[in-house]
>>> print(open('query_14.csv').read())   # CSV, C-alpha atoms and all ligand atoms
chain,number,residue,atom,x,y,z
A,351,MET,CA,0.0,0.0,0.0
A,352,LEU,CA,2.7,2.4,1.1
A,353,ARG,CA,4.7,1.4,-2.0
A,354,LEU,CA,1.7,2.2,-4.3
A,355,VAL,CA,1.3,5.7,-2.6
A,356,TYR,CA,5.1,6.2,-3.1
A,357,GLU,CA,5.0,5.2,-6.7
A,358,GLY,CA,2.0,7.4,-7.3
A,359,PHE,CA,3.9,10.2,-5.8
A,360,LEU,CA,6.9,9.5,-8.1
A,361,ASN,CA,4.6,9.4,-11.1
A,362,ILE,CA,3.5,12.9,-10.4
A,363,LEU,CA,7.1,14.1,-9.9
A,364,ALA,CA,8.7,12.2,-12.8
A,365,PRO,CA,6.1,10.6,-15.0
A,366,HIS,CA,7.3,7.9,-17.3
A,367,THR,CA,6.4,8.5,-20.9
A,368,CYS,CA,6.6,6.3,-24.0
A,369,LEU,CA,9.9,7.0,-25.9
A,370,VAL,CA,8.0,6.5,-29.2
A,371,CYS,CA,4.7,8.3,-28.9
A,372,GLU,CA,5.3,10.3,-25.6
A,373,SER,CA,2.0,9.0,-24.0
A,374,PHE,CA,1.9,8.6,-20.3
A,375,LEU,CA,2.9,5.1,-19.1
A,376,ALA,CA,0.3,4.1,-16.6
A,377,ASN,CA,1.9,0.6,-16.2
A,378,ALA,CA,5.4,1.9,-15.4
A,379,SER,CA,7.1,0.5,-12.4
A,380,TYR,CA,9.4,2.4,-10.1
A,381,SER,CA,10.5,-0.8,-8.3
A,382,ASP,CA,11.7,-2.5,-11.5
A,383,ASN,CA,13.6,-0.2,-13.8
A,384,ASN,CA,14.6,-3.1,-16.0
A,385,THR,CA,11.2,-3.6,-17.6
A,386,LEU,CA,10.4,-2.3,-21.1
A,387,ALA,CA,7.0,-1.1,-19.8
A,388,ASN,CA,8.9,1.9,-18.4
A,389,TYR,CA,10.1,3.0,-21.8
A,390,ILE,CA,7.4,2.1,-24.4
A,391,CYS,CA,3.6,1.8,-24.2
A,392,GLN,CA,1.9,-1.5,-25.1
A,393,ARG,CA,0.4,0.0,-28.2
A,394,CYS,CA,3.7,1.0,-29.7
A,395,PHE,CA,5.4,-2.2,-28.5
A,396,ASP,CA,2.8,-4.3,-30.3
A,397,ARG,CA,3.5,-2.4,-33.5
A,398,LEU,CA,7.3,-2.9,-33.5
A,399,PRO,CA,8.2,-4.9,-36.6
A,400,PRO,CA,10.1,-8.1,-35.9
A,401,ALA,CA,13.4,-8.8,-37.6
A,402,PRO,CA,13.6,-11.3,-40.5
A,403,ARG,CA,14.3,-15.0,-39.6
A,404,SER,CA,17.8,-16.1,-38.7
A,405,GLU,CA,18.4,-17.9,-42.1
A,406,GLU,CA,17.7,-14.7,-44.0
A,407,LEU,CA,19.9,-12.6,-41.7
A,408,LEU,CA,22.8,-15.0,-42.1
A,409,ALA,CA,22.4,-15.1,-45.8
A,410,GLY,CA,22.6,-11.3,-45.8
A,411,ILE,CA,25.9,-11.4,-43.9
A,412,ALA,CA,27.3,-14.2,-46.0
A,413,ARG,CA,27.0,-12.0,-49.1
A,414,HIS,CA,29.8,-9.8,-47.7
A,415,PHE,CA,32.1,-12.7,-46.7
A,416,SER,CA,33.4,-15.4,-48.9
A,417,GLY,CA,33.6,-19.0,-47.8
A,418,ASP,CA,35.7,-19.5,-44.6
A,419,SER,CA,35.9,-15.8,-43.8
A,420,LEU,CA,32.4,-16.1,-42.4
A,421,ALA,CA,33.0,-16.6,-38.7
A,422,ILE,CA,29.4,-16.5,-37.4
A,423,HIS,CA,27.5,-19.7,-37.2
A,424,SER,CA,24.1,-18.2,-36.7
A,425,ILE,CA,22.5,-14.9,-36.0
A,426,THR,CA,19.2,-13.8,-34.3
A,427,ALA,CA,17.8,-10.3,-34.2
A,428,ARG,CA,14.7,-9.2,-32.3
A,429,PHE,CA,13.4,-6.1,-34.2
A,430,GLN,CA,13.6,-4.6,-37.6
A,431,ARG,CA,14.9,-1.1,-37.0
A,432,GLU,CA,13.8,0.7,-40.1
A,433,THR,CA,10.2,0.2,-41.0
A,434,ALA,CA,10.3,-0.7,-44.6
A,435,SER,CA,8.2,1.6,-46.8
A,436,ILE,CA,5.6,-1.0,-47.6
A,437,ALA,CA,3.1,0.2,-50.1
A,438,SER,CA,-0.1,0.4,-48.1
A,439,THR,CA,-3.5,0.1,-49.5
A,440,PRO,CA,-6.1,2.5,-47.9
A,441,ASP,CA,-7.7,-0.2,-45.9
A,442,GLU,CA,-4.4,-1.6,-44.6
A,443,ASP,CA,-3.5,-1.0,-41.0
A,444,ASN,CA,0.1,0.1,-41.6
A,445,ASP,CA,0.9,2.1,-38.5
A,446,SER,CA,4.0,0.2,-37.4
A,447,THR,CA,6.3,1.9,-34.9
A,448,SER,CA,10.1,2.0,-34.7
A,449,ILE,CA,12.6,0.7,-32.1
A,450,THR,CA,15.0,3.5,-33.1
A,451,PRO,CA,14.1,6.0,-30.3
A,452,LEU,CA,14.8,3.3,-27.7
A,453,LEU,CA,18.2,2.3,-29.2
A,454,TYR,CA,19.0,6.0,-29.5
A,455,ALA,CA,18.2,6.7,-25.8
A,456,LEU,CA,20.3,3.7,-24.8
A,457,LYS,CA,23.3,4.7,-26.9
A,458,TYR,CA,23.3,8.5,-26.6
A,459,HIS,CA,21.1,9.6,-23.7
A,460,GLY,CA,22.6,7.5,-21.0
A,461,VAL,CA,19.5,5.4,-20.3
A,462,GLN,CA,21.5,2.3,-19.3
A,463,ARG,CA,18.7,0.3,-17.7
A,464,LEU,CA,16.8,0.4,-21.0
A,465,GLY,CA,19.6,-1.9,-22.3
A,466,ARG,CA,18.9,-4.5,-19.7
A,467,ALA,CA,15.2,-4.3,-20.4
A,468,LEU,CA,15.8,-4.7,-24.2
A,469,GLY,CA,18.2,-7.5,-23.5
A,470,ARG,CA,15.6,-9.5,-21.6
A,471,GLU,CA,13.3,-9.1,-24.6
A,472,LEU,CA,16.0,-10.6,-26.8
A,473,GLY,CA,16.8,-13.3,-24.2
A,474,GLU,CA,13.2,-14.4,-24.3
A,475,LEU,CA,13.3,-14.8,-28.1
A,476,LEU,CA,16.5,-16.8,-27.8
A,477,GLN,CA,14.9,-19.0,-25.2
A,478,MET,CA,11.9,-19.6,-27.4
A,479,LEU,CA,14.2,-20.6,-30.2
A,480,GLY,CA,16.1,-23.0,-28.0
A,481,GLN,CA,19.3,-21.1,-28.3
A,482,THR,CA,20.3,-21.4,-24.7
A,483,SER,CA,23.4,-23.5,-24.5
A,484,TYR,CA,26.5,-21.3,-24.4
A,485,THR,CA,29.6,-21.1,-22.4
A,486,ALA,CA,29.2,-17.3,-22.1
A,487,ILE,CA,27.7,-14.2,-23.6
A,488,VAL,CA,30.2,-11.7,-25.0
A,489,PRO,CA,29.2,-8.1,-25.8
A,490,VAL,CA,30.9,-6.6,-28.8
A,491,PRO,CA,33.4,-4.2,-27.1
A,492,ILE,CA,33.6,-0.5,-28.0
A,493,HIS,CA,36.8,1.6,-27.9
A,494,SER,CA,37.8,2.2,-24.3
A,495,ALA,CA,37.9,6.0,-24.8
A,496,ARG,CA,34.3,5.9,-26.0
A,497,GLU,CA,33.3,3.7,-23.1
A,498,ARG,CA,34.8,6.1,-20.6
A,499,GLU,CA,33.0,9.0,-22.3
A,500,ARG,CA,29.6,7.2,-22.4
A,501,GLY,CA,30.2,5.6,-19.1
A,502,TYR,CA,29.2,2.1,-20.3
A,503,ASN,CA,29.0,-0.2,-23.3
A,504,GLN,CA,25.4,-0.4,-24.5
A,505,SER,CA,26.0,-4.0,-25.8
A,506,THR,CA,27.1,-5.0,-22.3
A,507,ARG,CA,23.8,-3.8,-20.8
A,508,ILE,CA,21.9,-5.8,-23.5
A,509,ALA,CA,24.1,-8.8,-22.7
A,510,GLU,CA,23.2,-8.5,-19.0
A,511,GLY,CA,19.5,-8.5,-19.9
A,512,ILE,CA,20.0,-11.7,-22.0
A,513,ALA,CA,21.9,-13.2,-19.1
A,514,ASP,CA,18.9,-12.5,-16.7
A,515,VAL,CA,16.8,-14.8,-18.9
A,516,LEU,CA,19.3,-17.5,-20.0
A,517,ARG,CA,21.3,-17.6,-16.7
A,518,LEU,CA,24.7,-17.4,-18.4
A,519,PRO,CA,27.9,-15.5,-17.5
A,520,VAL,CA,28.8,-12.3,-19.4
A,521,GLU,CA,32.5,-12.1,-20.4
A,522,ILE,CA,33.6,-8.5,-21.0
A,523,ALA,CA,37.4,-9.2,-20.8
A,524,TRP,CA,37.9,-11.9,-23.5
A,525,VAL,CA,38.2,-9.4,-26.3
A,526,ARG,CA,38.9,-5.7,-26.5
A,527,ARG,CA,38.6,-3.2,-29.3
A,528,HIS,CA,41.7,-1.5,-30.8
A,529,THR,CA,42.0,2.2,-30.5
A,530,TYR,CA,42.9,3.1,-34.1
A,531,THR,CA,44.2,6.5,-33.1
A,532,LEU,CA,47.1,4.7,-31.3
A,533,SER,CA,50.3,4.8,-33.4
A,534,GLN,CA,51.0,1.5,-35.2
A,535,THR,CA,54.8,2.2,-35.4
A,536,ASN,CA,55.5,-0.1,-32.4
A,537,PHE,CA,53.9,-3.0,-34.1
A,538,SER,CA,55.8,-5.5,-36.2
A,539,THR,CA,54.7,-6.0,-39.8
A,540,GLU,CA,52.9,-9.2,-38.8
A,541,GLU,CA,51.1,-7.5,-35.9
A,542,ARG,CA,50.2,-4.5,-38.1
A,543,LYS,CA,48.6,-6.9,-40.6
A,544,LEU,CA,46.6,-8.5,-37.8
A,545,ASN,CA,45.6,-5.0,-36.6
A,546,VAL,CA,44.2,-4.1,-40.0
A,547,HIS,CA,42.6,-7.5,-40.4
A,548,SER,CA,40.6,-7.0,-37.2
A,549,ALA,CA,39.6,-4.1,-35.0
A,550,PHE,CA,39.6,-6.6,-32.1
A,551,ALA,CA,42.3,-8.2,-30.0
A,552,VAL,CA,42.7,-10.5,-27.0
A,553,GLY,CA,41.3,-8.9,-23.8
A,554,ARG,CA,42.9,-8.6,-20.4
A,555,SER,CA,41.4,-11.8,-19.1
A,556,PRO,CA,40.8,-14.4,-21.8
A,557,GLU,CA,40.7,-17.5,-19.4
A,558,GLY,CA,38.0,-19.9,-20.4
A,559,ILE,CA,37.8,-18.9,-24.0
A,560,LYS,CA,39.4,-22.1,-25.3
A,561,GLY,CA,36.6,-24.4,-26.7
A,562,ALA,CA,33.9,-21.9,-25.7
A,563,SER,CA,30.6,-21.7,-27.4
A,564,VAL,CA,29.9,-18.0,-27.5
A,565,LEU,CA,26.8,-15.8,-27.9
A,566,LEU,CA,28.1,-12.6,-29.3
A,567,VAL,CA,25.9,-9.6,-28.7
A,568,ASP,CA,25.6,-6.2,-30.4
A,569,ASP,CA,22.9,-3.5,-30.5
A,570,ILE,CA,22.4,-3.2,-34.2
A,571,LEU,CA,23.1,-5.5,-37.2
A,572,THR,CA,24.0,-3.6,-40.4
A,573,THR,CA,26.4,-5.4,-42.7
A,574,GLY,CA,27.6,-7.7,-40.0
A,575,SER,CA,31.3,-6.8,-40.6
A,576,THR,CA,31.8,-5.7,-37.0
A,577,LEU,CA,30.2,-8.9,-35.6
A,578,ASN,CA,32.2,-11.0,-38.0
A,579,ALA,CA,35.5,-9.3,-37.2
A,580,CYS,CA,34.9,-9.8,-33.5
A,581,ALA,CA,33.8,-13.4,-34.1
A,582,THR,CA,37.0,-14.0,-36.1
A,583,THR,CA,39.1,-12.8,-33.2
A,584,LEU,CA,37.2,-15.0,-30.8
A,585,LEU,CA,37.8,-18.1,-33.0
A,586,GLU,CA,41.5,-17.2,-33.4
A,587,LEU,CA,41.7,-17.1,-29.6
A,588,GLY,CA,40.3,-20.6,-29.4
A,589,ALA,CA,36.6,-20.3,-29.2
A,590,ARG,CA,34.8,-23.2,-30.8
A,591,ARG,CA,31.6,-21.6,-32.1
A,592,ILE,CA,30.1,-18.1,-32.4
A,593,ASP,CA,26.4,-17.4,-32.6
A,594,ALA,CA,25.4,-13.7,-32.8
A,595,ALA,CA,22.4,-11.9,-31.4
A,596,THR,CA,21.4,-8.2,-31.9
A,597,MET,CA,18.6,-6.1,-30.7
A,598,ALA,CA,17.7,-4.9,-34.2
A,599,LYS,CA,18.4,-5.3,-37.8
A,600,ALA,CA,19.1,-2.0,-39.5
A,701,ZN,ZN,3.8,4.7,-27.3
>>> encode(input="query_14.csv", output="structure tokens", more="lines below")
Ligand SMILES: [Zn+2]
Amino acid sequence: MLRLVYEGFLNILAPHTCLVCESFLANASYSDNNTLANYICQRCFDRLPPAPRSEELLAGIARHFSGDSLAIHSITARFQRETASIASTPDEDNDSTSITPLLYALKYHGVQRLGRALGRELGELLQMLGQTSYTAIVPVPIHSARERERGYNQSTRIAEGIADVLRLPVEIAWVRRHTYTLSQTNFSTEERKLNVHSAFAVGRSPEGIKGASVLLVDDILTTGSTLNACATTLLELGARRIDAATMAKA
């Protein structure tokens, strides 16, 4: 009872509104900040277009990578980011919404908890598809300078949400991202080639990576080149198999 009064009071002070349509969120919860109901209304959520099926997504990535340069075994995405401009007939209900404002808020407006809420949504899809047996979840790392500036890696927050559902460890120290602005003059020719080949390198704590089955997580899938580069590094470091999962397909 007291909690309800308190939450009602908070609602007046700082009401939650839908990040898509800006309507007041009556079902928002102040006790659980990791629920999507705090960020998007049911109506907008129901109209988010789902991503294409895994086979279609993988075929799209495979077009960019020939034969054995494809390091990803499978890929799953939860939403389609851009609502395709489908020719609508007058009687067709074509009022789909977009996940973009949520991904934007997570990445650029410091709304960290939204990442966990989104991650749970992705985790539930993976669970439904039976994609649950992994050694660990690995978020695609961002440059350390960018992470310091932003205060967090948005993919790590998503990975934590998936981990809530699948009950798996999140490994953030298996791989790291190169800082390209660093001078390459101290590298040998061979190391330089590796540096160009991949934006990723061994992290500060890669124990456990040998033989690991990895779920690699990123916020958005575009061409898949970032995911594939990170997956390539993980395989080179001894991982056995890499499946990928992203919040949205661009
Ligand atoms: Zn809404």
>>> residues_around(input="query_14.csv", residues="range 453-468 of chain A", least_positions_apart="2", cutoff="8 Å", atoms="only C-alpha atoms", output="ChimeraX atom specification")
/A:383-386,389,449-451,470-472,500,502,504-505,507-512,569,597
>>> write_last_selection(input="query_14.csv", atoms="C-alpha atoms", output="short mmCIF file (atom, residue, chain, number, x, y, z; two decimals), in the frame of the given file")
data_model
loop_
_atom_site.label_atom_id
_atom_site.label_comp_id
_atom_site.auth_asym_id
_atom_site.auth_seq_id
_atom_site.Cartn_x
_atom_site.Cartn_y
_atom_site.Cartn_z
CA ASN A 383 13.60 -0.20 -13.80
CA ASN A 384 14.60 -3.10 -16.00
CA THR A 385 11.20 -3.60 -17.60
CA LEU A 386 10.40 -2.30 -21.10
CA TYR A 389 10.10 3.00 -21.80
CA ILE A 449 12.60 0.70 -32.10
CA THR A 450 15.00 3.50 -33.10
CA PRO A 451 14.10 6.00 -30.30
CA ARG A 470 15.60 -9.50 -21.60
CA GLU A 471 13.30 -9.10 -24.60
CA LEU A 472 16.00 -10.60 -26.80
CA ARG A 500 29.60 7.20 -22.40
CA TYR A 502 29.20 2.10 -20.30
CA GLN A 504 25.40 -0.40 -24.50
CA SER A 505 26.00 -4.00 -25.80
CA ARG A 507 23.80 -3.80 -20.80
CA ILE A 508 21.90 -5.80 -23.50
CA ALA A 509 24.10 -8.80 -22.70
CA GLU A 510 23.20 -8.50 -19.00
CA GLY A 511 19.50 -8.50 -19.90
CA ILE A 512 20.00 -11.70 -22.00
CA ASP A 569 22.90 -3.50 -30.50
CA MET A 597 18.60 -6.10 -30.70
#
>>> residues_near_ligand(input="query_14.csv", ligand="ligand ZN 701 (chain A)", cutoff="7 Å", atoms="all atoms listed in the file", output="NGL selection string")
:A and (368-373 or 390-394)
>>> closest_atom_pairs(input="query_14.csv", of="range 447-500 of chain A", to="range 515-529 of chain A", cutoff="12 Å", atoms="all atoms listed in the file", output="JSON lines")
{"residue": "A:Arg466", "atom": "CA", "partner": "A:Val515", "partner_atom": "CA", "distance": 10.5}
{"residue": "A:Ala467", "atom": "CA", "partner": "A:Val515", "partner_atom": "CA", "distance": 10.7}
{"residue": "A:Leu468", "atom": "CA", "partner": "A:Val515", "partner_atom": "CA", "distance": 11.4}
{"residue": "A:Gly469", "atom": "CA", "partner": "A:Val515", "partner_atom": "CA", "distance": 8.7}
{"residue": "A:Arg470", "atom": "CA", "partner": "A:Val515", "partner_atom": "CA", "distance": 6.1}
{"residue": "A:Glu471", "atom": "CA", "partner": "A:Val515", "partner_atom": "CA", "distance": 8.8}
{"residue": "A:Leu472", "atom": "CA", "partner": "A:Val515", "partner_atom": "CA", "distance": 9.0}
{"residue": "A:Gly473", "atom": "CA", "partner": "A:Val515", "partner_atom": "CA", "distance": 5.5}
{"residue": "A:Glu474", "atom": "CA", "partner": "A:Val515", "partner_atom": "CA", "distance": 6.5}
{"residue": "A:Leu475", "atom": "CA", "partner": "A:Val515", "partner_atom": "CA", "distance": 9.8}
{"residue": "A:Leu476", "atom": "CA", "partner": "A:Leu516", "partner_atom": "CA", "distance": 8.3}
{"residue": "A:Gln477", "atom": "CA", "partner": "A:Leu516", "partner_atom": "CA", "distance": 7.0}
{"residue": "A:Met478", "atom": "CA", "partner": "A:Leu516", "partner_atom": "CA", "distance": 10.7}
{"residue": "A:Leu479", "atom": "CA", "partner": "A:Leu516", "partner_atom": "CA", "distance": 11.8}
{"residue": "A:Gly480", "atom": "CA", "partner": "A:Leu516", "partner_atom": "CA", "distance": 10.2}
{"residue": "A:Gln481", "atom": "CA", "partner": "A:Leu516", "partner_atom": "CA", "distance": 9.0}
{"residue": "A:Thr482", "atom": "CA", "partner": "A:Leu516", "partner_atom": "CA", "distance": 6.2}
{"residue": "A:Ser483", "atom": "CA", "partner": "A:Leu516", "partner_atom": "CA", "distance": 8.5}
{"residue": "A:Tyr484", "atom": "CA", "partner": "A:Leu518", "partner_atom": "CA", "distance": 7.4}
{"residue": "A:Thr485", "atom": "CA", "partner": "A:Leu518", "partner_atom": "CA", "distance": 7.3}
{"residue": "A:Ala486", "atom": "CA", "partner": "A:Pro519", "partner_atom": "CA", "distance": 5.1}
{"residue": "A:Ile487", "atom": "CA", "partner": "A:Val520", "partner_atom": "CA", "distance": 4.7}
{"residue": "A:Val488", "atom": "CA", "partner": "A:Glu521", "partner_atom": "CA", "distance": 5.2}
{"residue": "A:Pro489", "atom": "CA", "partner": "A:Ile522", "partner_atom": "CA", "distance": 6.5}
{"residue": "A:Val490", "atom": "CA", "partner": "A:Val525", "partner_atom": "CA", "distance": 8.2}
{"residue": "A:Pro491", "atom": "CA", "partner": "A:Arg526", "partner_atom": "CA", "distance": 5.7}
{"residue": "A:Ile492", "atom": "CA", "partner": "A:Arg527", "partner_atom": "CA", "distance": 5.8}
{"residue": "A:His493", "atom": "CA", "partner": "A:Arg527", "partner_atom": "CA", "distance": 5.3}
{"residue": "A:Ser494", "atom": "CA", "partner": "A:Arg527", "partner_atom": "CA", "distance": 7.4}
{"residue": "A:Ala495", "atom": "CA", "partner": "A:Thr529", "partner_atom": "CA", "distance": 8.0}
{"residue": "A:Arg496", "atom": "CA", "partner": "A:Thr529", "partner_atom": "CA", "distance": 9.7}
{"residue": "A:Glu497", "atom": "CA", "partner": "A:Arg527", "partner_atom": "CA", "distance": 10.7}
>>> closest_residue(input="query_14.csv", among="A:Arg403, A:Arg397, A:Arg498, A:His423", to="Arg590 in chain A", atoms="only C-alpha atoms")
A:His423
>>> closest_residue(input="query_14.csv", among="A:Glu406, A:Glu432, A:Asp418, A:Glu499", to="Asn578 in chain A", atoms="only C-alpha atoms")
A:Asp418
>>> residues_around(input="query_14.csv", residues="Thr583 in chain A", least_positions_apart="3", cutoff="9 Å", atoms="only C-alpha atoms", output="number ranges by chain")
A: 525, 548-552, 578-580, 586-589
>>> write_last_selection(input="query_14.csv", atoms="C-alpha atoms", output="mmCIF file, in the frame of the given file")
data_model
loop_
_atom_site.group_PDB
_atom_site.id
_atom_site.type_symbol
_atom_site.label_atom_id
_atom_site.label_comp_id
_atom_site.auth_asym_id
_atom_site.auth_seq_id
_atom_site.Cartn_x
_atom_site.Cartn_y
_atom_site.Cartn_z
ATOM 1 C CA VAL A 525 38.200 -9.400 -26.300
ATOM 2 C CA SER A 548 40.600 -7.000 -37.200
ATOM 3 C CA ALA A 549 39.600 -4.100 -35.000
ATOM 4 C CA PHE A 550 39.600 -6.600 -32.100
ATOM 5 C CA ALA A 551 42.300 -8.200 -30.000
ATOM 6 C CA VAL A 552 42.700 -10.500 -27.000
ATOM 7 C CA ASN A 578 32.200 -11.000 -38.000
ATOM 8 C CA ALA A 579 35.500 -9.300 -37.200
ATOM 9 C CA CYS A 580 34.900 -9.800 -33.500
ATOM 10 C CA GLU A 586 41.500 -17.200 -33.400
ATOM 11 C CA LEU A 587 41.700 -17.100 -29.600
ATOM 12 C CA GLY A 588 40.300 -20.600 -29.400
ATOM 13 C CA ALA A 589 36.600 -20.300 -29.200
#
>>> residues_near_point(input="query_14.csv", point="(28.4, -18.4, -37.6)", cutoff="8 Å", atoms="all atoms listed in the file", output="list in words")
Leu408, Leu420, Ala421, Ile422, His423, Ser424, Ile425, Arg591, Ile592, Asp593 and Ala594 of chain A
>>> atom_distance(input="query_14.csv", atom1="CA of Thr573 in chain A", atom2="CA of Ala409 in chain A")
10.9 Å
>>> closest_residue(input="query_14.csv", among="A:Ser563, A:Asp568, A:Phe429, A:Gly558", to="Asn503 in chain A", atoms="all atoms listed in the file")
A:Asp568
>>> atom_distance(input="query_14.csv", atom1="CA of Arg431 in chain A", atom2="CA of Asp445 in chain A")
14.4 Å
>>> atom_distance(input="query_14.csv", atom1="CA of Phe395 in chain A", atom2="CA of Ile411 in chain A")
27.2 Å
>>> axis_aligned_box(input="query_14.csv", around="range 464-477 of chain A", padding_each_side="5 Å", output="AutoDock Vina command-line options")
--center_x 16.4 --center_y -9.3 --center_z -23.9 --size_x 16.4 --size_y 29.4 --size_z 18.4
>>> closest_residue(input="query_14.csv", among="A:Gly574, A:Tyr380, A:Gln430, A:Ser446", to="Phe415 in chain A", atoms="all atoms listed in the file")
A:Gly574
